$ cat structure_34.txt   # compact mmCIF, C-alpha atoms
# COMPACT_ATOMS: atom_id res chain seq x y z
CA MET A 1 -10.89 48.25 15.14
CA ASN A 2 -14.25 49.00 16.70
CA ASP A 3 -16.81 51.42 15.29
CA LYS A 4 -16.26 54.16 17.94
CA LYS A 5 -12.53 54.32 17.25
CA LEU A 6 -13.14 54.41 13.51
CA ALA A 7 -15.69 57.21 13.84
CA GLU A 8 -13.26 59.15 16.03
CA ILE A 9 -10.43 58.72 13.54
CA ILE A 10 -12.67 59.85 10.67
CA GLU A 11 -13.77 62.98 12.54
CA ASN A 12 -10.26 63.95 13.58
CA ALA A 13 -8.36 62.90 10.49
CA ASP A 14 -7.94 64.60 7.23
CA PHE A 15 -8.31 63.00 3.82
CA LYS A 16 -4.60 62.18 3.36
CA VAL A 17 -4.40 60.34 6.67
CA LEU A 18 -7.43 58.28 5.70
CA GLN A 19 -5.85 57.46 2.33
CA ARG A 20 -2.68 56.27 4.07
CA LEU A 21 -4.68 54.11 6.50
CA VAL A 22 -6.65 52.56 3.62
CA ALA A 23 -3.45 51.96 1.64
CA LYS A 24 -1.80 50.37 4.67
CA ARG A 25 -4.83 48.15 5.24
CA ARG A 26 -4.96 47.22 1.55
CA ALA A 27 -1.25 46.29 1.55
CA ALA A 28 -1.73 44.07 4.60
CA GLU A 29 -4.74 42.35 3.02
CA GLU A 30 -2.87 41.81 -0.26
CA LYS A 31 0.06 40.32 1.62
CA ARG A 32 -2.33 37.99 3.46
CA LEU A 33 -4.04 37.05 0.18
CA ASN A 34 -0.71 36.28 -1.49
CA ALA A 35 0.29 34.05 1.43
CA LEU A 36 -3.02 32.19 1.15
CA LEU A 37 -2.55 31.76 -2.62
CA ILE A 38 0.91 30.30 -2.07
CA GLN A 39 -0.48 27.97 0.57
CA GLN A 40 -3.28 26.94 -1.81
CA ARG A 41 -0.74 26.17 -4.57
CA ASP A 42 1.36 24.07 -2.19
CA LEU A 43 -1.68 22.15 -0.98
CA LYS A 44 -2.80 21.45 -4.58
CA PHE A 45 0.68 20.10 -5.34
CA GLU A 46 0.60 17.91 -2.23
CA LEU A 47 -2.89 16.65 -3.13
CA LYS A 48 -1.75 15.64 -6.63
CA LYS A 49 1.25 13.86 -5.12
CA LEU A 50 -1.02 11.92 -2.74
CA GLU A 51 -3.42 11.05 -5.58
CA ARG A 52 -0.51 9.62 -7.61
CA GLN A 53 0.58 7.52 -4.63
CA LEU A 54 -2.97 6.29 -4.16
CA ASP A 55 -3.25 5.37 -7.84
CA LYS A 56 0.03 3.44 -7.62
CA ALA A 57 -1.24 1.63 -4.54
CA LYS A 58 -4.46 0.69 -6.31
CA ASP A 59 -2.44 -0.58 -9.30
CA GLY A 60 -0.25 -2.67 -7.02
CA ARG A 61 2.90 -0.68 -7.76
CA GLY A 62 3.26 1.51 -4.70
CA PRO A 63 4.25 1.18 -1.06
CA LEU A 64 0.64 1.07 0.13
CA SER A 65 -0.18 -1.89 -2.13
CA LYS A 66 1.84 -4.36 -0.06
CA ALA A 67 -0.57 -4.10 2.86
CA ARG A 68 -3.50 -5.32 0.77
CA LYS A 69 -3.86 -8.71 -0.87
CA SER A 70 -4.59 -8.74 -4.59
CA ASN A 71 -7.99 -9.78 -5.89
CA ALA A 72 -6.58 -13.09 -7.14
CA ARG A 73 -5.30 -13.94 -3.67
CA ARG A 74 -8.73 -13.38 -2.20
CA LEU A 75 -10.34 -15.64 -4.83
CA ASN A 76 -7.77 -18.44 -4.69
CA ASP A 77 -5.92 -20.39 -2.06
CA ILE A 78 -2.92 -20.96 -4.35
CA THR A 79 -0.96 -18.79 -6.73
CA LEU A 80 -1.37 -18.94 -10.49
CA GLY A 81 2.08 -20.51 -10.77
CA ASP A 82 1.13 -23.28 -8.34
CA ALA A 83 -2.10 -23.95 -10.26
CA ILE A 84 -0.13 -24.22 -13.53
CA VAL A 85 2.27 -26.68 -11.86
CA LYS A 86 -0.73 -28.84 -10.86
CA VAL A 87 -1.89 -28.94 -14.47
CA MET A 88 1.57 -29.62 -15.90
CA GLU A 89 2.57 -32.31 -13.37
CA ARG A 90 0.40 -34.86 -15.15
CA ARG A 91 1.81 -34.01 -18.57
CA ILE A 92 5.17 -35.03 -19.96
CA LYS A 93 4.95 -33.04 -23.19
CA PRO A 94 5.05 -29.24 -23.24
CA MET A 95 1.73 -27.42 -23.26
CA HIS A 96 0.61 -24.30 -25.07
CA TYR A 97 -0.32 -21.43 -22.77
CA LYS A 98 -3.84 -21.31 -24.29
CA GLU A 99 -4.38 -24.96 -23.39
CA LEU A 100 -3.04 -24.30 -19.90
CA SER A 101 -5.51 -21.44 -19.47
CA ARG A 102 -8.38 -23.64 -20.65
CA GLN A 103 -7.38 -26.42 -18.22
CA LEU A 104 -7.16 -23.98 -15.31
CA VAL A 105 -10.70 -22.80 -15.96
CA GLU A 106 -12.13 -26.28 -16.65
CA ARG A 107 -10.59 -27.83 -13.54
CA ASP A 108 -11.47 -24.75 -11.47
CA LEU A 109 -7.92 -24.51 -10.16
CA TYR A 110 -7.69 -20.74 -10.50
CA ARG A 111 -10.49 -18.19 -10.43
CA THR A 112 -10.13 -14.62 -11.64
CA ARG A 113 -12.27 -11.65 -12.56
CA SER A 114 -9.70 -10.61 -15.12
CA GLN A 115 -10.67 -10.40 -18.78
CA ASN A 116 -7.14 -11.32 -19.90
CA LEU A 117 -6.34 -14.64 -18.27
CA LEU A 118 -4.35 -15.72 -21.35
CA SER A 119 -1.96 -12.81 -20.95
CA THR A 120 -1.65 -13.39 -17.22
CA VAL A 121 -0.82 -17.06 -17.76
CA ALA A 122 1.74 -16.19 -20.48
CA VAL A 123 3.46 -13.65 -18.24
CA THR A 124 3.50 -16.05 -15.28
CA LEU A 125 5.05 -18.78 -17.42
CA THR A 126 7.74 -16.37 -18.59
CA ARG A 127 8.61 -14.94 -15.18
CA ASP A 128 8.25 -18.00 -12.94
CA GLY A 129 11.49 -20.02 -12.75
CA ARG A 130 9.66 -23.35 -12.54
CA PHE A 131 8.78 -23.28 -16.23
CA LYS A 132 10.89 -23.38 -19.38
CA LYS A 133 9.92 -22.28 -22.84
CA THR A 134 10.38 -25.06 -25.38
CA GLU A 135 9.10 -23.21 -28.47
CA ALA A 136 6.78 -20.33 -29.32
CA GLY A 137 3.87 -20.44 -26.88
CA MET A 138 4.86 -23.88 -25.54
CA TYR A 139 6.07 -24.42 -21.99
CA ALA A 140 7.22 -27.37 -19.93
CA LEU A 141 7.74 -27.88 -16.24
CA LYS A 142 11.40 -27.98 -15.24
CA ALA A 143 12.51 -31.26 -13.71
CA SER A 144 13.40 -29.52 -10.44
CA ALA A 145 9.81 -28.25 -10.11
CA ARG A 146 8.16 -31.67 -10.42
CA ARG A 147 6.90 -33.19 -7.18
CA ARG A 148 8.04 -36.67 -6.43

$ encode --input "structure_34.txt" --output "structure tokens"
Amino acid sequence: MNDKKLAEIIENADFKVLQRLVAKRRAAEEKRLNALLIQQRDLKFELKKLERQLDKAKDGRGPLSKARKSNARRLNDITLGDAIVKVMERRIKPMHYKELSRQLVERDLYRTRSQNLLSTVAVTLTRDGRFKKTEAGMYALKASARRR
């Protein structure tokens, strides 16, 4: 509403009409404010959802993580499992996972920035089908995994 129209309404209107106009305007503004608050709440929810997806992707657990190579892949040409196979191929007796980790570092077969290489090696030995557990902490290469 422009200023001329407002001045005209004020001159011609009585107090009750002005109160009704103000109440009508207030109701419209409150309705608009409520709609904006609902939209803000929905956007906050969506933002939290996207942040969770991003965190999962960074952790390597989400759908976005598949598009990016892990840090280990960028540091190494071979997987940790393949590096362990190289160490174990020369050995007939089972090896302890701590000794395997030491050999990997000494022979520079696998580089990592991780502070827990021992745990990573232990988990790889457990999950990779090329290795068998002979006793607590000791692993051997399965016959089918040996190169001829």

$ atom_distance --input "structure_34.txt" --atom1 "CA of Lys142 (chain A)" --atom2 "CA of Gly129 (chain A)"
8.3 Å

$ closest_residue --input "structure_34.txt" --among "A:Arg111, A:Lys31, A:Glu106, A:Pro94" --to "Lys132 (chain A)" --atoms "only C-alpha atoms"
A:Pro94

$ residues_around --input "structure_34.txt" --residues "Leu100 (chain A)" --least-positions-apart "2" --cutoff "12 Å" --atoms "all atoms listed in the file" --output "number ranges by chain"
A: 80-81, 83-89, 91, 94-98, 102-110, 117-122, 124-125, 137-141

$ atom_distance --input "structure_34.txt" --atom1 "CA of Lys5 (chain A)" --atom2 "CA of Leu36 (chain A)"
29.0 Å

$ atom_distance --input "structure_34.txt" --atom1 "CA of Arg130 (chain A)" --atom2 "CA of Asp82 (chain A)"
9.5 Å

$ closest_residue --input "structure_34.txt" --among "A:Leu75, A:Val22, A:Ile9, A:Leu43" --to "Thr112 (chain A)" --atoms "only C-alpha atoms"
A:Leu75
